[in-house]
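Below: model.tsv (TSV, C-alpha atoms)
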```tsv
chain	number	residue	atom	x	y	z
A	1	MET	CA	-48.50	27.75	49.00
A	2	GLY	CA	-51.24	29.84	50.49
A	3	ASN	CA	-50.79	31.00	54.05
A	4	SER	CA	-47.56	29.03	54.40
A	5	ARG	CA	-45.67	31.51	52.22
A	6	SER	CA	-44.90	33.92	55.03
A	7	ASN	CA	-43.23	31.12	56.96
A	8	LEU	CA	-41.35	29.60	54.07
A	9	HIS	CA	-37.92	30.90	55.06
A	10	HIS	CA	-38.42	31.05	58.82
A	11	CYS	CA	-39.70	27.79	60.22
A	12	LYS	CA	-38.84	25.30	62.92
A	13	PHE	CA	-39.63	21.62	62.43
A	14	GLU	CA	-39.10	19.15	65.25
A	15	VAL	CA	-39.64	15.40	65.30
A	16	PRO	CA	-38.35	12.56	67.49
A	17	GLU	CA	-36.28	9.66	66.20
A	18	ILE	CA	-38.70	7.66	64.03
A	19	ILE	CA	-38.66	3.91	63.41
A	20	PHE	CA	-41.35	2.53	61.07
A	21	GLY	CA	-41.91	-0.90	59.57
A	22	ARG	CA	-43.64	-4.23	59.87
A	23	GLY	CA	-42.22	-6.49	62.54
A	24	LEU	CA	-40.23	-3.69	64.17
A	25	LEU	CA	-42.01	-3.95	67.52
A	26	SER	CA	-39.11	-6.35	68.10
A	27	GLN	CA	-36.89	-3.27	68.54
A	28	ILE	CA	-38.82	-1.94	71.53
A	29	GLY	CA	-36.31	-3.40	73.99
A	30	SER	CA	-33.25	-2.05	72.21
A	31	CYS	CA	-34.89	1.38	72.02
A	32	ALA	CA	-35.44	1.49	75.78
A	33	ARG	CA	-31.91	0.19	76.33
A	34	ARG	CA	-30.36	2.89	74.12
A	35	LEU	CA	-32.03	5.55	76.22
A	36	GLY	CA	-30.30	4.22	79.33
A	37	GLY	CA	-33.23	2.22	80.65
A	38	HIS	CA	-32.92	-0.62	83.13
A	39	LYS	CA	-36.39	-0.69	84.67
A	40	VAL	CA	-39.16	0.01	82.12
A	41	PHE	CA	-42.58	1.38	83.05
A	42	LEU	CA	-44.81	-0.04	80.28
A	43	VAL	CA	-48.11	1.83	79.83
A	44	SER	CA	-50.85	0.14	77.80
A	45	ASP	CA	-54.48	-0.93	78.06
A	46	GLN	CA	-56.59	-4.05	78.36
A	47	GLY	CA	-57.43	-4.11	74.67
A	48	LEU	CA	-53.75	-4.52	73.79
A	49	VAL	CA	-53.45	-7.22	76.46
A	50	ASN	CA	-56.37	-9.11	74.90
A	51	ALA	CA	-54.91	-8.70	71.39
A	52	GLY	CA	-51.60	-10.23	72.49
A	53	TRP	CA	-49.41	-7.20	71.76
A	54	VAL	CA	-48.54	-6.54	75.40
A	55	ASP	CA	-47.14	-10.09	75.74
A	56	LYS	CA	-45.05	-9.58	72.61
A	57	ALA	CA	-43.74	-6.24	73.89
A	58	LEU	CA	-42.95	-7.73	77.30
A	59	LYS	CA	-40.96	-10.54	75.67
A	60	HIS	CA	-38.90	-8.08	73.59
A	61	LEU	CA	-38.23	-5.89	76.64
A	62	ILE	CA	-37.23	-8.82	78.84
A	63	ASP	CA	-35.07	-10.33	76.07
A	64	ALA	CA	-33.20	-7.00	76.04
A	65	GLY	CA	-32.33	-7.55	79.71
A	66	LEU	CA	-34.82	-5.04	81.08
A	67	GLU	CA	-36.99	-5.27	84.15
A	68	VAL	CA	-40.61	-4.30	83.42
A	69	ILE	CA	-43.40	-2.78	85.49
A	70	PHE	CA	-46.69	-3.03	83.61
A	71	TYR	CA	-49.37	-0.37	84.14
A	72	ASN	CA	-52.72	-0.75	82.37
A	73	ASN	CA	-55.09	1.30	84.50
A	74	ILE	CA	-55.95	3.34	81.40
A	75	THR	CA	-59.35	3.96	79.82
A	76	SER	CA	-60.34	5.75	76.62
A	77	ASN	CA	-59.80	9.50	76.91
A	78	PRO	CA	-57.20	9.05	79.69
A	79	LYS	CA	-58.19	10.53	83.03
A	80	ASP	CA	-56.22	12.72	85.41
A	81	VAL	CA	-56.66	10.17	88.21
A	82	GLU	CA	-55.21	7.39	86.02
A	83	VAL	CA	-52.19	9.49	85.13
A	84	GLU	CA	-51.58	10.58	88.71
A	85	SER	CA	-51.91	6.98	89.95
A	86	GLY	CA	-49.43	5.87	87.28
A	87	ALA	CA	-46.89	8.47	88.38
A	88	ILE	CA	-47.10	7.15	91.95
A	89	GLU	CA	-46.46	3.61	90.69
A	90	TYR	CA	-43.51	4.72	88.52
A	91	ILE	CA	-41.84	6.39	91.51
A	92	ARG	CA	-42.68	3.55	93.92
A	93	HIS	CA	-40.99	0.99	91.64
A	94	GLY	CA	-37.98	3.18	90.82
A	95	ALA	CA	-38.50	2.98	87.05
A	96	ASP	CA	-36.17	4.92	84.75
A	97	VAL	CA	-37.79	4.86	81.30
A	98	ILE	CA	-41.40	4.94	80.06
A	99	VAL	CA	-42.72	2.95	77.11
A	100	GLY	CA	-46.24	3.68	75.84
A	101	LEU	CA	-47.97	1.04	73.70
A	102	GLY	CA	-51.45	1.60	72.26
A	103	GLY	CA	-53.71	4.29	70.89
A	104	GLY	CA	-53.82	7.93	71.83
A	105	SER	CA	-55.15	7.14	75.30
A	106	SER	CA	-52.16	5.01	76.30
A	107	LEU	CA	-49.64	7.32	74.65
A	108	ASP	CA	-51.07	10.49	76.20
A	109	ALA	CA	-51.25	8.74	79.57
A	110	ALA	CA	-47.57	7.79	79.24
A	111	LYS	CA	-46.77	11.43	78.52
A	112	GLY	CA	-48.83	12.59	81.49
A	113	ILE	CA	-47.07	10.14	83.81
A	114	ALA	CA	-43.70	11.31	82.49
A	115	ILE	CA	-44.62	14.93	83.22
A	116	LEU	CA	-45.60	14.21	86.81
A	117	VAL	CA	-42.70	11.97	87.80
A	118	SER	CA	-40.22	14.72	86.95
A	119	ASN	CA	-42.25	17.84	87.75
A	120	GLY	CA	-44.60	16.80	90.57
A	121	GLY	CA	-47.96	18.42	91.22
A	122	ARG	CA	-51.26	17.63	89.52
A	123	ILE	CA	-51.61	17.10	85.79
A	124	ARG	CA	-53.96	20.10	85.51
A	125	ASP	CA	-51.04	22.32	86.61
A	126	PHE	CA	-49.51	21.85	83.17
A	127	GLU	CA	-52.48	22.78	80.99
A	128	GLY	CA	-51.57	25.26	78.28
A	129	HIS	CA	-48.30	26.15	76.62
A	130	ASP	CA	-44.80	25.44	77.99
A	131	LYS	CA	-45.65	24.91	81.67
A	132	ILE	CA	-43.17	22.03	82.09
A	133	VAL	CA	-39.93	23.12	83.76
A	134	ARG	CA	-37.99	19.86	84.34
A	135	PRO	CA	-36.89	17.32	81.71
A	136	LEU	CA	-39.00	14.19	81.39
A	137	PRO	CA	-37.66	10.64	81.77
A	138	PRO	CA	-36.74	8.85	78.53
A	139	LEU	CA	-39.88	8.10	76.53
A	140	VAL	CA	-40.59	5.55	73.77
A	141	LEU	CA	-44.06	5.62	72.18
A	142	CYS	CA	-45.46	2.83	70.02
A	143	PRO	CA	-48.82	3.62	68.32
A	144	THR	CA	-51.17	0.76	67.49
A	145	THR	CA	-53.96	2.70	65.74
A	146	CYS	CA	-54.32	4.65	62.50
A	147	GLY	CA	-54.54	8.12	63.93
A	148	THR	CA	-53.20	9.27	67.25
A	149	GLY	CA	-50.17	11.31	66.13
A	150	SER	CA	-49.27	11.44	69.82
A	151	ASP	CA	-46.17	9.36	69.11
A	152	VAL	CA	-44.51	12.33	67.37
A	153	SER	CA	-46.41	15.34	68.69
A	154	GLN	CA	-45.74	18.08	71.22
A	155	PHE	CA	-49.23	17.60	72.72
A	156	ALA	CA	-50.79	15.55	75.49
A	157	VAL	CA	-54.55	15.62	76.13
A	158	ILE	CA	-55.87	14.39	79.49
A	159	ASN	CA	-59.43	14.39	80.85
A	160	ASP	CA	-60.07	16.50	83.95
A	161	THR	CA	-62.66	14.32	85.70
A	162	GLU	CA	-63.64	17.00	88.21
A	163	ASN	CA	-64.44	19.69	85.64
A	164	LYS	CA	-65.44	17.27	82.86
A	165	CYS	CA	-63.15	18.87	80.32
A	166	LYS	CA	-59.98	18.00	78.42
A	167	LEU	CA	-56.67	19.47	79.45
A	168	THR	CA	-54.47	20.27	76.45
A	169	ILE	CA	-50.79	20.31	77.34
A	170	MET	CA	-48.38	21.65	74.73
A	171	SER	CA	-44.62	21.48	75.16
A	172	ARG	CA	-41.60	20.27	73.22
A	173	CYS	CA	-40.85	18.24	76.36
A	174	VAL	CA	-43.75	15.84	75.73
A	175	ALA	CA	-42.55	14.72	72.30
A	176	PRO	CA	-40.96	11.30	72.86
A	177	ASP	CA	-37.32	10.42	72.34
A	178	ILE	CA	-38.31	7.59	69.97
A	179	SER	CA	-41.46	6.93	67.95
A	180	LEU	CA	-41.72	3.25	66.97
A	181	THR	CA	-44.53	2.17	64.62
A	182	ASP	CA	-45.13	-1.45	63.64
A	183	PRO	CA	-48.10	-1.53	61.21
A	184	ASP	CA	-48.62	-5.22	62.01
A	185	THR	CA	-50.29	-4.12	65.25
A	186	LEU	CA	-53.21	-2.75	63.21
A	187	GLU	CA	-54.26	-6.27	62.22
A	188	THR	CA	-56.18	-6.67	65.48
A	189	LEU	CA	-57.73	-3.18	65.46
A	190	PRO	CA	-61.55	-3.40	65.18
A	191	ASP	CA	-63.11	-1.99	61.98
A	192	GLU	CA	-64.78	0.83	63.91
A	193	PHE	CA	-61.44	2.04	65.21
A	194	VAL	CA	-59.72	1.68	61.84
A	195	CYS	CA	-62.31	4.20	60.68
A	196	THR	CA	-62.37	6.63	63.61
A	197	THR	CA	-58.63	6.72	64.25
A	198	SER	CA	-58.07	7.34	60.53
A	199	THR	CA	-60.56	10.21	60.59
A	200	ASP	CA	-58.55	11.64	63.48
A	201	ALA	CA	-55.45	11.54	61.25
A	202	LEU	CA	-57.52	13.07	58.44
A	203	SER	CA	-58.48	15.99	60.66
A	204	HIS	CA	-54.85	16.37	61.78
A	205	ALA	CA	-53.76	16.62	58.15
A	206	LEU	CA	-56.47	19.04	57.03
A	207	GLU	CA	-56.14	21.34	60.02
A	208	ALA	CA	-52.35	21.33	59.81
A	209	PHE	CA	-52.56	22.23	56.11
A	210	PHE	CA	-54.84	25.22	56.74
A	211	SER	CA	-53.22	26.36	60.00
A	212	VAL	CA	-51.87	29.91	60.06
A	213	ALA	CA	-48.66	28.37	61.42
A	214	SER	CA	-48.25	25.97	58.49
A	215	THR	CA	-45.01	25.95	56.52
A	216	SER	CA	-43.68	24.30	53.39
A	217	LEU	CA	-42.40	21.47	55.61
A	218	THR	CA	-45.70	20.81	57.36
A	219	ASP	CA	-47.63	21.09	54.08
A	220	VAL	CA	-45.59	18.28	52.52
A	221	HIS	CA	-46.50	15.91	55.35
A	222	ALA	CA	-50.14	17.02	55.52
A	223	ILE	CA	-50.71	16.42	51.81
A	224	LYS	CA	-48.90	13.08	51.90
A	225	ALA	CA	-51.20	12.00	54.73
A	226	LEU	CA	-54.28	13.10	52.77
A	227	ARG	CA	-53.23	11.13	49.69
A	228	LEU	CA	-52.59	7.97	51.73
A	229	ILE	CA	-55.91	8.23	53.59
A	230	SER	CA	-57.87	8.99	50.42
A	231	ALA	CA	-56.44	5.91	48.74
A	232	SER	CA	-56.59	3.46	51.65
A	233	LEU	CA	-59.27	4.36	54.22
A	234	VAL	CA	-62.29	2.73	52.59
A	235	PRO	CA	-60.40	-0.40	51.38
A	236	ALA	CA	-58.81	-0.81	54.82
A	237	VAL	CA	-62.19	-0.73	56.56
A	238	LYS	CA	-63.89	-3.04	54.05
A	239	GLU	CA	-61.09	-5.48	53.13
A	240	ARG	CA	-58.46	-5.18	55.88
A	241	HIS	CA	-55.58	-5.62	53.44
A	242	PRO	CA	-52.22	-5.24	55.24
A	243	ASP	CA	-50.92	-2.78	52.63
A	244	ASP	CA	-53.88	-0.45	53.19
A	245	LEU	CA	-53.45	-0.68	56.95
A	246	GLU	CA	-49.76	0.13	56.57
A	247	ASN	CA	-50.67	3.14	54.44
A	248	LEU	CA	-52.97	4.40	57.21
A	249	ALA	CA	-50.23	3.94	59.80
A	250	ARG	CA	-47.90	5.89	57.54
A	251	ALA	CA	-50.58	8.58	57.07
A	252	SER	CA	-50.95	8.93	60.83
A	253	LEU	CA	-47.21	9.46	61.11
A	254	HIS	CA	-47.13	12.13	58.38
A	255	ALA	CA	-50.18	13.90	59.80
A	256	GLY	CA	-48.66	13.79	63.28
A	257	MET	CA	-45.45	15.42	62.10
A	258	ALA	CA	-47.51	18.08	60.34
A	259	PHE	CA	-49.81	19.10	63.17
A	260	SER	CA	-47.16	18.87	65.86
A	261	ASN	CA	-45.33	21.66	64.07
A	262	SER	CA	-48.21	23.70	62.63
A	263	LEU	CA	-50.86	23.04	65.30
A	264	LEU	CA	-54.57	22.57	64.60
A	265	GLY	CA	-57.86	24.47	64.38
A	266	ILE	CA	-61.57	24.58	65.12
A	267	VAL	CA	-62.23	20.84	64.72
A	268	HIS	CA	-60.03	20.02	67.68
A	269	ALA	CA	-61.02	23.14	69.62
A	270	LEU	CA	-64.62	21.85	69.52
A	271	ALA	CA	-63.78	18.15	69.83
A	272	HIS	CA	-61.89	18.58	73.10
A	273	PRO	CA	-64.81	19.97	75.14
A	274	ILE	CA	-67.18	17.39	73.60
A	275	GLY	CA	-64.81	14.55	74.51
A	276	GLY	CA	-64.32	15.95	77.99
A	277	LEU	CA	-68.03	16.29	78.72
A	278	TYR	CA	-69.25	13.05	77.16
A	279	ASP	CA	-66.16	10.80	77.23
A	280	ALA	CA	-66.92	10.16	73.53
A	281	ASN	CA	-64.67	8.70	70.81
A	282	HIS	CA	-62.33	11.48	69.68
A	283	GLY	CA	-61.95	10.36	66.07
A	284	GLY	CA	-65.71	9.94	65.73
A	285	ILE	CA	-66.27	13.50	66.96
A	286	ASN	CA	-63.71	14.78	64.45
A	287	ALA	CA	-65.41	12.90	61.61
A	288	VAL	CA	-68.69	14.67	62.39
A	289	LEU	CA	-67.18	18.14	62.79
A	290	LEU	CA	-64.67	18.08	59.93
A	291	PRO	CA	-67.06	18.71	56.98
A	292	GLU	CA	-68.72	21.65	58.75
A	293	VAL	CA	-65.42	23.24	59.82
A	294	LEU	CA	-64.05	22.73	56.30
A	295	ARG	CA	-67.11	24.54	54.91
A	296	TYR	CA	-66.46	27.38	57.37
A	297	ASP	CA	-62.73	27.65	56.52
A	298	LEU	CA	-62.91	27.34	52.74
A	299	PRO	CA	-63.63	31.05	51.98
A	300	VAL	CA	-60.30	32.13	53.49
A	301	VAL	CA	-58.04	29.37	52.11
A	302	ALA	CA	-58.75	29.64	48.39
A	303	GLU	CA	-55.05	29.84	47.51
A	304	LYS	CA	-54.42	26.39	48.98
A	305	LEU	CA	-57.42	24.64	47.43
A	306	PRO	CA	-55.66	23.25	44.30
A	307	ASP	CA	-53.10	21.51	46.51
A	308	LEU	CA	-55.87	20.22	48.78
A	309	ALA	CA	-57.76	18.83	45.80
A	310	TRP	CA	-54.57	17.09	44.65
A	311	GLY	CA	-54.25	15.65	48.15
A	312	PHE	CA	-57.70	14.15	47.71
A	313	GLY	CA	-56.66	12.65	44.38
A	314	HIS	CA	-58.10	15.24	41.99
A	315	ARG	CA	-56.67	17.44	39.28
A	316	VAL	CA	-59.11	20.32	39.17
A	317	ASP	CA	-59.16	23.25	36.77
A	318	GLY	CA	-61.47	26.16	37.37
A	319	ASN	CA	-62.37	28.66	40.03
A	320	SER	CA	-62.09	28.15	43.77
A	321	GLY	CA	-65.87	27.64	44.04
A	322	ALA	CA	-65.76	24.59	41.77
A	323	ILE	CA	-62.74	23.19	43.62
A	324	SER	CA	-64.49	23.75	46.96
A	325	GLU	CA	-67.45	21.69	45.80
A	326	VAL	CA	-65.21	18.83	44.65
A	327	VAL	CA	-63.29	18.80	47.93
A	328	GLN	CA	-66.42	18.83	50.08
A	329	GLU	CA	-68.10	16.13	48.01
A	330	THR	CA	-64.98	13.93	48.16
A	331	LEU	CA	-64.75	14.26	51.93
A	332	ASP	CA	-68.45	13.48	52.47
A	333	THR	CA	-68.35	10.48	50.13
A	334	MET	CA	-65.25	9.05	51.82
A	335	LEU	CA	-66.69	9.44	55.33
A	336	ASP	CA	-69.96	7.80	54.29
A	337	ALA	CA	-68.21	4.90	52.55
A	338	ALA	CA	-66.00	4.28	55.59
A	339	GLY	CA	-69.00	4.18	57.93
A	340	ALA	CA	-67.92	7.20	59.98
A	341	PRO	CA	-70.41	8.84	62.35
A	342	ARG	CA	-72.11	11.81	60.70
A	343	SER	CA	-73.98	13.63	63.48
A	344	LEU	CA	-73.27	14.80	67.02
A	345	LYS	CA	-76.68	13.48	68.04
A	346	SER	CA	-75.57	9.95	67.10
A	347	LEU	CA	-72.66	10.33	69.55
A	348	GLY	CA	-74.98	11.17	72.44
A	349	VAL	CA	-74.41	14.93	72.44
A	350	ARG	CA	-77.35	16.87	73.89
A	351	ARG	CA	-78.58	19.88	71.91
A	352	GLU	CA	-78.98	21.96	75.07
A	353	ASP	CA	-75.24	21.60	75.74
A	354	LEU	CA	-74.16	23.15	72.42
A	355	PRO	CA	-73.89	26.78	73.68
A	356	GLU	CA	-71.69	25.71	76.59
A	357	LEU	CA	-69.50	23.60	74.27
A	358	ALA	CA	-69.02	26.62	71.98
A	359	GLN	CA	-67.96	28.76	74.93
A	360	ARG	CA	-65.47	26.14	76.12
A	361	ALA	CA	-63.97	25.85	72.63
A	362	LEU	CA	-63.06	29.54	72.70
A	363	LYS	CA	-60.56	28.73	75.47
A	364	ASP	CA	-58.90	25.82	73.67
A	365	VAL	CA	-55.35	26.44	72.44
A	366	CYS	CA	-56.14	24.83	69.07
A	367	ILE	CA	-58.41	27.68	68.04
A	368	LEU	CA	-55.49	30.10	67.94
A	369	THR	CA	-54.12	28.72	64.66
A	370	SER	CA	-57.43	28.39	62.83
A	371	PRO	CA	-57.22	30.13	59.43
A	372	ARG	CA	-60.58	31.76	60.11
A	373	GLN	CA	-61.24	32.93	63.65
A	374	ALA	CA	-64.69	32.34	65.15
A	375	ASN	CA	-66.74	33.82	67.96
A	376	ALA	CA	-69.08	31.85	70.20
A	377	GLN	CA	-72.06	32.31	67.87
A	378	GLU	CA	-70.12	31.09	64.83
A	379	LEU	CA	-68.89	28.06	66.76
A	380	LEU	CA	-72.45	27.37	67.88
A	381	THR	CA	-73.61	27.51	64.25
A	382	ILE	CA	-70.98	24.92	63.30
A	383	LEU	CA	-72.14	22.66	66.14
A	384	GLU	CA	-75.79	23.04	65.16
A	385	ARG	CA	-75.01	22.18	61.53
A	386	ALA	CA	-73.13	19.09	62.74
A	387	TYR	CA	-75.90	18.05	65.12
```

What is this file in structure tokens?
Amino acid sequence: MGNSRSNLHHCKFEVPEIIFGRGLLSQIGSCARRLGGHKVFLVSDQGLVNAGWVDKALKHLIDAGLEVIFYNNITSNPKDVEVESGAIEYIRHGADVIVGLGGGSSLDAAKGIAILVSNGGRIRDFEGHDKIVRPLPPLVLCPTTCGTGSDVSQFAVINDTENKCKLTIMSRCVAPDISLTDPDTLETLPDEFVCTTSTDALSHALEAFFSVASTSLTDVHAIKALRLISASLVPAVKERHPDDLENLARASLHAGMAFSNSLLGIVHALAHPIGGLYDANHGGINAVLLPEVLRYDLPVVAEKLPDLAWGFGHRVDGNSGAISEVVQETLDTMLDAAGAPRSLKSLGVRREDLPELAQRALKDVCILTSPRQANAQELLTILERAY
């Protein structure tokens, strides 16, 4: 299967314990208990408070005989100061297990807090690959969107407020002990975030599939995610049927398992500096960049195109050029129908910042596994086409 062939017999695939199903948020207390918890540090955000999910989680935790400290000083694109403040609170209260409930912001913040309470220092000290030296406290992560993947991944992404950039932390240590997904929590997710979190999962799946570190195991999950998103994204946004929402939650899980083990590519390498500089919606940025990065990658991934087309719901005969056109048209049509953002300008990105964003992307760990490497000028061209 394309560039996965070299890894077919030599691959490592790691995932946490996974619990998935409607109504299973009720198991959040027993999960924390099983990990030896007595005093839970619950990390979430105000949106989940307003939607009523925090109250439900608190009830399940308390019913399991656990004491709970609730921390919700979390904003979108979680900040270093929020994580460092959370670590102080965790230590001050003597907590012994962390539960994250929410989208990628809450889950990454929970990971960041876990890193600091066991390793000390500042969160920026852990940027990069395998900088964590001490085991983290027990960690349960419960996603409530269609796209984070943080609940199964070996990544945490935190905003450095001083340097206005995103810190990408990669370590097996930051994968949780338990990933618990209850698709019922998507019922209160606004339409906009159904779309943009799903396009985050879509980019996870596509980049994992094309990654030079992909394997037969990651490809299976990436393609499954693509098929679920292709079938359910537009209906979920327009009709909000619970089955479509469940399919998107399942797609996020599959895509998360794929990219955690195969890593990502240029979409995320560019999205991270944009999100860091503008504090913009991560999934929205990915939706804008994905078609242009796909166009850039296609010439070097011809062998995998038939499987990609199948992932998008097509059976295509013919040369790779014809398949490329079908894939690109399908992606564009789906993004338009779902109401995804289609330009960087619409997200508030300034044209004069594009050269600096391209330079920053060169330093992002995600670029290392892109199937087609890019220099600063090529990255700038992608940004200009997406503008």

Between CA of Pro137 in chain A and CA of Gly37 in chain A - distance in Å to one decimal: 9.6 Å

Identify, on the basis of all atoms listed in the file, every residue whose closest approach to Val326 in chain A does not exceed 9 Å; exclude the query and any residue fewer than 5 positions from it along the same chain; express the result as a ChimeraX atom specification. /A:309,314,316,321,331

The selected residues should be written to file as an mmCIF file, in the coordinates of the input (atoms: C-alpha atoms).
```
data_model
loop_
_atom_site.group_PDB
_atom_site.id
_atom_site.type_symbol
_atom_site.label_atom_id
_atom_site.label_comp_id
_atom_site.auth_asym_id
_atom_site.auth_seq_id
_atom_site.Cartn_x
_atom_site.Cartn_y
_atom_site.Cartn_z
ATOM 1 C CA ALA A 309 -57.760 18.830 45.800
ATOM 2 C CA HIS A 314 -58.100 15.240 41.990
ATOM 3 C CA VAL A 316 -59.110 20.320 39.170
ATOM 4 C CA GLY A 321 -65.870 27.640 44.040
ATOM 5 C CA LEU A 331 -64.750 14.260 51.930
#
```

So that I can see what lies close to range 64-72 of chain A, please list as a ChimeraX atom specification the residues with an atom at most 8 Å from it, counting only C-alpha atoms and leaving out residues fewer than 2 positions away in the same chain. /A:29-30,33,37-46,58,60-62,74,86,93,95

Identify the residues within 10 Å of coordinate (-46.9, 23.2, 59.0) (same frame as the file), considering only C-alpha atoms, and give the answer as a ChimeraX atom specification. /A:4,7-8,11-13,205,207-222,255,257-264

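In terms of minimum interatomic distance to Ser85 in chain A, A:Asn73 ranks closest within A:Ser150, A:Thr188, A:Thr144, A:Asn73, counting all atoms listed in the file.
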
Distance query Ser232 in chain A at most 12 Å, only C-alpha atoms, self and fewer than 5 positions along chain excluded, as a VMD selection string: chain A and resid 146 194 to 195 198 to 199 202 225 to 227 237 to 251 312 to 313 334 337 to 338

Could you tell me how far CA of Asp332 in chain A lies from CA of Thr185 in chain A, in Å and to one decimal? 28.3 Å

For Asp80 in chain A, list every protein, DNA or RNA residue within 7 Å, evaluated using all atoms listed in the file, and leave out those in the same chain fewer than 4 positions away; present the list as a PyMOL selection string. chain A and resi 84+123+158-161

As a check of understanding: the span from CA of Val288 in chain A to CA of Ala201 in chain A is 13.7 Å

Nearest-residue call for Thr145 in chain A, choices A:Asp63, A:Glu356, A:Glu378, A:Asp182, using all atoms listed in the file: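 Under the stated criterion, the closest residue is A:Asp182.
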
Please provide as a count of residues only all residues within 12 Å of range 295-303 of chain A, with the sequence filter that same-chain residues fewer than 5 positions apart are discarded (counting all atoms listed in the file). 45

Any chance you could model N, CA and C atoms for range 141-155 of chain A and send them as a compact mmCIF listing (two decimals), keeping the file's coordinate frame?
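out.txt, freshly written:
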```
# COMPACT_ATOMS: atom_id res chain seq x y z
N LEU A 141 -42.63 5.76 72.43
CA LEU A 141 -44.06 5.62 72.18
C LEU A 141 -44.30 4.77 70.94
N CYS A 142 -45.19 3.79 71.09
CA CYS A 142 -45.46 2.83 70.02
C CYS A 142 -46.96 2.84 69.70
N PRO A 143 -47.39 3.55 68.65
CA PRO A 143 -48.82 3.62 68.32
C PRO A 143 -49.32 2.33 67.71
N THR A 144 -50.57 1.98 68.03
CA THR A 144 -51.17 0.76 67.49
C THR A 144 -52.52 1.05 66.83
N THR A 145 -52.75 2.33 66.47
CA THR A 145 -53.96 2.70 65.74
C THR A 145 -53.57 3.50 64.51
N CYS A 146 -54.58 3.94 63.76
CA CYS A 146 -54.32 4.65 62.50
C CYS A 146 -54.34 6.16 62.66
N GLY A 147 -54.31 6.69 63.90
CA GLY A 147 -54.54 8.12 63.93
C GLY A 147 -54.07 8.96 65.08
N THR A 148 -53.45 8.43 66.09
CA THR A 148 -53.20 9.27 67.25
C THR A 148 -52.29 10.46 66.96
N GLY A 149 -51.14 10.23 66.31
CA GLY A 149 -50.17 11.31 66.13
C GLY A 149 -49.43 11.66 67.41
N SER A 150 -49.89 11.13 68.54
CA SER A 150 -49.27 11.44 69.82
C SER A 150 -47.82 10.96 69.88
N ASP A 151 -47.52 9.94 69.07
CA ASP A 151 -46.17 9.36 69.11
C ASP A 151 -45.11 10.29 68.54
N VAL A 152 -45.50 11.36 67.86
CA VAL A 152 -44.51 12.33 67.37
C VAL A 152 -44.82 13.76 67.79
N SER A 153 -45.94 13.97 68.48
CA SER A 153 -46.41 15.34 68.69
C SER A 153 -45.93 15.97 69.99
N GLN A 154 -46.09 17.28 70.04
CA GLN A 154 -45.74 18.08 71.22
C GLN A 154 -46.98 18.34 72.09
N PHE A 155 -47.98 17.47 71.98
CA PHE A 155 -49.23 17.60 72.72
C PHE A 155 -49.48 16.39 73.60
```
